[in-house]
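Take a look at the structure set out below.
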Amino acid sequence: MKKLTINEIAERAGVSKTTVSFYLNGKMNKMSEETQRRIQQIIDDTGYEPSAAARAMKSKSSGLVGVILADISEPYCAKALKGMEDAASAQEYQVLIGSSGMSFKAEQEYVERMLKLGAEGFVVQSTYRFGMLASELEKKRKPIIYLETRPYDYKGRYVKGNNYDCVYQVITECVKKGYQDFLMFSDGDGNTSTSFETVSGFKDATQDAVVHGELLYLQPDVRSAAVFEMLKEHVKPDRKTLVFVAAADLLRVVYQAIRNYPDYAGLFPETIGLIGFDADGWTRMTTPPISAIIPPGYEQGVRAMEELLAVLEGKKRDTEVVFRNVVKWRGTTM
């Protein structure tokens, strides 16, 4: 009988290659008993053993891959990084980690440093300017997977959320819920494609629905008192206003600003609606719970690393992988 590969075991078991690798390496704490049973049954039936040729090929490589994210302390990045580390570990790779702060200069420094350490490929949450580095990495045969943000002159593989479609659908749904005015708060970070997609989704949805939409930019260090003054200026008591917060780190600030209203809880959801991005789940614990868009950071991280390692193994992969964000409708929207 022909000896199976991990990919073939994964296909027979109906799971991913990473799941099979987790099982073979004893990392089964998040794996159902049924999945474990199916994988083991195939191994027992086929007498599977790891390929000596594959082990020899791995021994010739550095086993290192570079990951450059905007801020690894930020909840989305932390979850994505955990997914990448798990996927890399399952295939006996190690991750070199960098936090760029979305600075092109920092990206340059990390790429240079990681190449010297032997990085074979990269997963990057990139600035628009990263394309200048990408062309040099392509010459060195160092594959790149972009996560959520990509260069202006994008060429390559991309793992992302459905940010434009998700925002467009959320605004459209809120129009149906009876909101009349729409106010978006953004961090104004024009250095990322994600910000562009989110703002575009908001603008297109409000224009198509022929409703009033306004975009306001906030600085990263803005205080809730300043946001409260902006709300008083733009939210009319006799009209239903949906406040959409495009940047996850600003949602807390905007919520605290709304709390400055007397009897703020009574404003939800009739006078003011509130929804925004939340990567760590804190919105479900507020009073009332805040409607939120939740990106599947861990799953995106796993897939991005799987894509990179597959390319390193010489396999042809999809150019773009799109994950659906999860929308949780809660007490702050109608």
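Labels for the structure tokens follow display order: chains A, B, ..., residues from 1 in each chain, ligands from 1.
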For stretch 190-253 of chain A versus stretch 75-83 of chain A, which residues have an atom no more than 12 Å away, and what is each residue's nearest atom pair and distance in Å rounded to one decimal, using only C-alpha atoms, chain-then-number order, as a Markdown table?
```
| residue | atom | partner | partner_atom | distance |
| --- | --- | --- | --- | --- |
| A:Ala247 | CA | A:Tyr76 | CA | 11.4 |
| A:Ala248 | CA | A:Tyr76 | CA | 8.9 |
| A:Asp249 | CA | A:Pro75 | CA | 9.3 |
```
Would you save the residues from that selection as a compact mmCIF listing (two decimals), in the first residue's frame, using C-alpha atoms?
```txt
# COMPACT_ATOMS: atom_id res chain seq x y z
CA ALA A 247 -10.95 51.41 14.95
CA ALA A 248 -11.11 48.83 17.74
CA ASP A 249 -8.95 50.86 20.12
```
| query | Can you tell me, as an NGL selection string, what residues are no more than 9 Å from stretch 154-156 of chain A when counting only C-alpha atoms, ignoring any on the same chain fewer than 4 positions away? | reply | :A and (128 or 130-131 or 134 or 143-146 or 150 or 319-320)
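Atom CA of A:Thr271 to atom CA of A:Ser291 spans 15.1 Å [interatomic distance, one decimal].
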| DSSP-assigned strand (DSSP E or B) among stretch 69-290 of chain A, expressed as a PyMOL selection string | chain A and resi 69+94-99+122-124+144-147+157-161+181-186+212-217+241-245+272-277
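The residue that comes closest to A:Pro289, out of A:His212, A:Arg38, A:Arg330, A:Arg141 and on the basis of only C-alpha atoms, is A:Arg330.
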